[in-house]
$ cat target-v5.cif   # mmCIF, C-alpha atoms
data_run
#
loop_
_atom_site.label_atom_id
_atom_site.label_comp_id
_atom_site.auth_asym_id
_atom_site.auth_seq_id
_atom_site.Cartn_x
_atom_site.Cartn_y
_atom_site.Cartn_z
CA MET A 5 85.22 124.37 71.02
CA SER A 6 85.05 125.92 74.50
CA GLU A 7 82.06 127.63 75.96
CA ILE A 8 82.31 131.20 77.23
CA THR A 9 81.20 131.56 80.85
CA GLN A 10 78.64 134.32 81.11
CA ASP A 11 79.59 134.98 84.75
CA LEU A 12 82.98 136.41 83.86
CA SER A 13 83.22 139.87 82.35
CA PRO A 14 85.49 140.32 79.33
CA ALA A 15 87.08 143.09 81.42
CA VAL A 16 88.80 140.33 83.39
CA THR A 17 90.28 138.51 80.42
CA PHE A 18 90.97 141.46 78.14
CA GLY A 19 91.93 143.53 81.19
CA LEU A 20 95.18 141.56 81.19
CA LEU A 21 96.05 142.96 77.77
CA ALA A 22 94.98 146.49 78.74
CA ALA A 23 96.91 146.48 82.03
CA TRP A 24 99.95 145.00 80.31
CA ALA A 25 99.81 147.66 77.55
CA LEU A 26 99.76 150.51 80.07
CA HIS A 27 102.58 148.96 82.06
CA ASP A 28 104.75 148.26 79.04
CA ALA A 29 104.20 151.77 77.71
CA GLU A 30 106.15 152.96 80.77
CA GLU A 31 108.89 150.45 80.02
CA VAL A 32 109.10 151.34 76.30
CA VAL A 33 109.33 155.06 77.01
CA LEU A 34 111.84 154.85 79.86
CA GLY A 35 113.50 151.42 79.85
CA PRO A 36 116.36 151.45 77.36
CA ARG A 37 117.60 154.91 78.31
CA TRP A 38 117.35 154.16 82.04
CA ILE A 39 119.37 150.98 81.54
CA ARG A 40 122.07 152.80 79.54
CA ASP A 41 122.29 155.57 82.13
CA HIS A 42 122.43 153.24 85.13
CA LEU A 43 124.44 150.30 83.81
CA PRO A 44 127.78 151.39 85.36
CA GLU A 45 126.12 151.81 88.76
CA LEU A 46 124.30 148.47 88.45
CA ARG A 47 127.55 146.70 87.55
CA LYS A 48 129.18 148.04 90.72
CA ARG A 49 126.20 147.14 92.93
CA CYS A 50 125.82 143.62 91.51
CA PRO A 51 129.33 142.25 90.89
CA GLY A 52 128.07 138.65 90.88
CA VAL A 53 125.97 139.11 87.75
CA PRO A 54 127.53 137.31 84.78
CA GLU A 55 129.27 139.60 82.30
CA ARG A 56 127.23 138.18 79.40
CA LEU A 57 124.08 139.63 80.99
CA TRP A 58 125.61 143.11 81.20
CA THR A 59 126.81 142.79 77.60
CA ALA A 60 123.34 141.75 76.47
CA LEU A 61 121.77 144.71 78.30
CA GLU A 62 124.26 147.12 76.72
CA GLY A 63 123.29 145.85 73.29
CA VAL A 64 119.55 146.48 73.60
CA ASP A 65 118.60 149.71 71.87
CA GLN A 66 115.22 151.43 71.72
CA ARG A 67 114.23 149.75 68.46
CA GLU A 68 115.04 146.24 69.66
CA PHE A 69 113.30 146.84 72.99
CA THR A 70 110.17 148.10 71.23
CA VAL A 71 110.11 145.06 68.93
CA ALA A 72 110.48 142.80 72.01
CA VAL A 73 107.47 144.52 73.57
CA GLY A 74 105.55 143.91 70.34
CA ALA A 75 106.45 140.22 70.49
CA MET A 76 105.29 140.08 74.09
CA ALA A 77 102.04 141.76 73.02
CA VAL A 78 101.31 138.72 70.85
CA ILE A 79 101.79 136.39 73.84
CA VAL A 80 99.68 138.50 76.20
CA ALA A 81 96.95 138.91 73.57
CA ALA A 82 96.91 135.13 73.05
CA ALA A 83 96.56 134.58 76.80
CA SER A 84 93.72 137.12 76.96
CA VAL A 85 91.86 135.55 74.02
CA ARG A 86 92.35 132.07 75.47
CA GLY A 87 91.06 133.32 78.81
CA HIS A 88 88.02 134.84 77.14
CA ARG A 89 87.23 131.72 75.10
CA THR A 90 87.40 129.51 78.20
CA GLY A 91 85.53 131.84 80.53
CA GLY A 92 88.75 132.42 82.46
CA ARG A 93 89.38 128.71 83.05
CA SER A 94 92.47 128.50 80.81
CA ALA A 95 95.65 127.57 82.69
CA PHE A 96 97.56 129.69 80.15
CA PHE A 97 95.45 132.75 80.96
CA GLN A 98 95.57 132.23 84.72
CA GLY A 99 99.32 131.60 84.56
CA ALA A 100 99.72 134.84 82.61
CA VAL A 101 97.70 136.75 85.24
CA ASP A 102 99.80 135.25 88.03
CA GLY A 103 103.06 135.83 86.17
CA PHE A 104 102.07 139.42 85.39
CA GLY A 105 101.25 140.13 89.04
CA LEU A 106 104.46 138.54 90.28
CA HIS A 107 106.33 140.48 87.59
CA GLY A 108 104.99 143.64 89.24
CA LEU A 109 106.45 142.53 92.57
CA VAL A 110 109.81 141.99 90.86
CA HIS A 111 109.70 145.60 89.62
CA LEU A 112 109.09 146.81 93.17
CA ALA A 113 111.97 144.68 94.44
CA GLN A 114 114.23 146.14 91.74
CA ALA A 115 113.26 149.68 92.77
CA ALA A 116 113.94 148.82 96.42
CA ALA A 117 117.31 147.32 95.50
CA VAL A 118 118.45 150.47 93.69
CA ARG A 119 116.66 152.70 96.22
CA GLY A 120 114.92 154.62 93.48
CA TYR A 121 113.01 154.48 90.26
CA THR A 122 113.33 151.58 87.84
CA PRO A 123 111.29 151.24 84.64
CA GLY A 124 107.98 149.60 85.51
CA SER A 125 108.05 150.56 89.17
CA VAL A 126 105.39 153.27 88.79
CA THR A 127 102.75 151.21 87.02
CA SER A 128 103.41 148.06 89.07
CA PRO A 129 101.69 149.25 92.28
CA LEU A 130 99.13 151.33 90.39
CA ILE A 131 98.10 148.92 87.62
CA VAL A 132 99.91 145.56 87.50
CA ILE A 133 99.43 144.29 91.05
CA PRO A 134 95.90 145.71 91.52
CA TYR A 135 94.79 144.18 88.20
CA ALA A 136 96.21 140.75 89.12
CA VAL A 137 94.55 140.79 92.56
CA TRP A 138 91.24 141.99 91.08
CA ALA A 139 91.31 139.41 88.27
CA ARG A 140 92.03 136.59 90.71
CA ARG A 141 89.11 137.71 92.89
CA ARG A 142 86.81 137.79 89.88
CA LEU A 143 88.00 134.36 88.76
CA ARG A 144 87.42 133.01 92.27
CA ARG A 145 83.90 134.51 92.34
CA ALA A 146 83.15 132.91 88.96
CA GLY A 147 84.26 129.57 90.36
CA CYS A 148 87.10 129.03 87.92
CA LEU A 149 90.24 130.10 89.79
CA ARG A 150 92.80 127.34 89.89
CA PRO A 151 94.44 126.90 93.28
CA THR A 152 97.82 128.59 93.55
CA ASP A 153 100.61 127.34 95.75
CA ALA A 154 104.35 127.91 95.81
CA ARG A 155 104.73 125.67 92.76
CA GLY A 156 102.13 127.74 90.89
CA ALA A 157 103.90 130.96 91.84
CA VAL A 158 107.21 129.59 90.58
CA SER A 159 105.48 128.39 87.41
CA GLY A 160 103.86 131.80 86.80
CA THR A 161 107.16 133.58 87.33
CA ALA A 162 108.93 131.09 85.06
CA MET A 163 106.26 131.61 82.40
CA ALA A 164 106.75 135.38 82.54
CA GLY A 165 110.53 134.97 82.38
CA ALA A 166 110.35 132.56 79.46
CA ALA A 167 107.97 134.84 77.56
CA THR A 168 110.31 137.78 78.17
CA ALA A 169 113.35 135.82 77.00
CA LEU A 170 111.49 134.60 73.90
CA SER A 171 110.34 138.15 73.08
CA HIS A 172 113.87 139.51 73.31
CA PHE A 173 115.24 136.60 71.28
CA VAL A 174 112.69 137.26 68.52
CA ALA A 175 113.39 141.00 68.62
CA ARG A 176 117.13 140.52 68.38
CA ARG A 177 116.71 138.21 65.36
CA LEU A 178 114.35 140.64 63.61
CA VAL A 179 116.29 143.83 64.32
CA ARG A 180 119.79 142.50 63.69
CA ARG A 181 119.05 140.94 60.30
#

$ encode --input "target-v5.cif" --output "structure tokens"
Amino acid sequence: MSEITQDLSPAVTFGLLAAWALHDAEEVVLGPRWIRDHLPELRKRCPGVPERLWTALEGVDQREFTVAVGAMAVIVAAASVRGHRTGGRSAFFQGAVDGFGLHGLVHLAQAAAVRGYTPGSVTSPLIVIPYAVWARRRLRRAGCLRPTDARGAVSGTAMAGAATALSHFVARRLVRR
């Protein structure tokens, strides 16, 4: 059983879940409709994207997207709990914080690429990125921040991507039964 570090506020570990919930609320409310409305334009702008990706995006409705967000909630909650139980030392928790922050940068890049709003681009600079920077500072102050290098950044991004893919896979299986 792991000891909880008293130096680290639960706001750091459970803040991941709170920040994620606020961010994903924006995506749940606006995501599926935005994708439907902008898919023809995106197809023209990005001709190199495989057709199977466009087909998959076309098939995601509001219900499936919401279930995918619920599946992701389980993953993020698990990372937050693990972070809390280990006083922030958990590689899973720190990878989730890093992946979440990098995910925010991806949203900003998407908005820049389309030269406008994309779902998640409002809460990314207001909540996602500031939370990730703040959490990393707090982890560093508590003496438990794992060093991050290019490999760690790639790993955090891969973790976020894998969790997203898993969430959508689970949602598709549950909704399409």

$ residues_near_point --input "target-v5.cif" --point "(102.9, 147.6, 88.4)" --cutoff "10 Å" --atoms "only C-alpha atoms" --output "VMD selection string"
chain A and resid 23 to 24 26 to 28 30 104 to 112 123 to 136

$ closest_residue --input "target-v5.cif" --among "A:Met76, A:Trp58, A:Ala25, A:Asp102" --to "Arg155 in chain A" --atoms "only C-alpha atoms"
A:Asp102

$ residues_around --input "target-v5.cif" --residues "Gln66 in chain A" --least-positions-apart "3" --cutoff "10 Å" --atoms "all atoms listed in the file" --output "MDAnalysis selection string"
chainID A and resid 32:37 63 69:72

$ resolve_selection --input "target-v5.cif" --expression "the PyMOL selection byres ((chain A and resi 61) around 12)" --output "list in words"
Gly35, Pro36, Arg37, Trp38, Ile39, Arg40, Asp41, His42, Leu43, Pro44, Leu46, Arg47, Val53, Pro54, Glu55, Arg56, Leu57, Trp58, Thr59, Ala60, Glu62, Gly63, Val64, Asp65, Gln66, Glu68, Phe69, His172 and Arg176 of chain A

$ residues_around --input "target-v5.cif" --residues "Gln98 in chain A" --least-positions-apart "2" --cutoff "9 Å" --atoms "all atoms listed in the file" --output "PyMOL selection string"
chain A and resi 83+87+92-96+100-103+140+143+149-150+160

$ resolve_selection --input "target-v5.cif" --expression "the PyMOL selection byres ((chain A and resi 91) around 12)" --output "ChimeraX atom specification"
/A:6-18,83-90,92-95,97-98,142-144,146-149

$ atom_distance --input "target-v5.cif" --atom1 "CA of Ala22 in chain A" --atom2 "CA of Val137 in chain A"
15.0 Å

$ atom_distance --input "target-v5.cif" --atom1 "CA of Ala154 in chain A" --atom2 "CA of Arg141 in chain A"
18.4 Å

$ resolve_selection --input "target-v5.cif" --expression "the PyMOL selection byres ((chain A and resi 171) around 8)" --output "ChimeraX atom specification"
/A:72-76,167-170,172-175

$ write_last_selection --input "target-v5.cif" --atoms "C-alpha atoms" --output "compact mmCIF listing (two decimals), in the frame of the given file"
# COMPACT_ATOMS: atom_id res chain seq x y z
CA ALA A 72 110.48 142.80 72.01
CA VAL A 73 107.47 144.52 73.57
CA GLY A 74 105.55 143.91 70.34
CA ALA A 75 106.45 140.22 70.49
CA MET A 76 105.29 140.08 74.09
CA ALA A 167 107.97 134.84 77.56
CA THR A 168 110.31 137.78 78.17
CA ALA A 169 113.35 135.82 77.00
CA LEU A 170 111.49 134.60 73.90
CA HIS A 172 113.87 139.51 73.31
CA PHE A 173 115.24 136.60 71.28
CA VAL A 174 112.69 137.26 68.52
CA ALA A 175 113.39 141.00 68.62
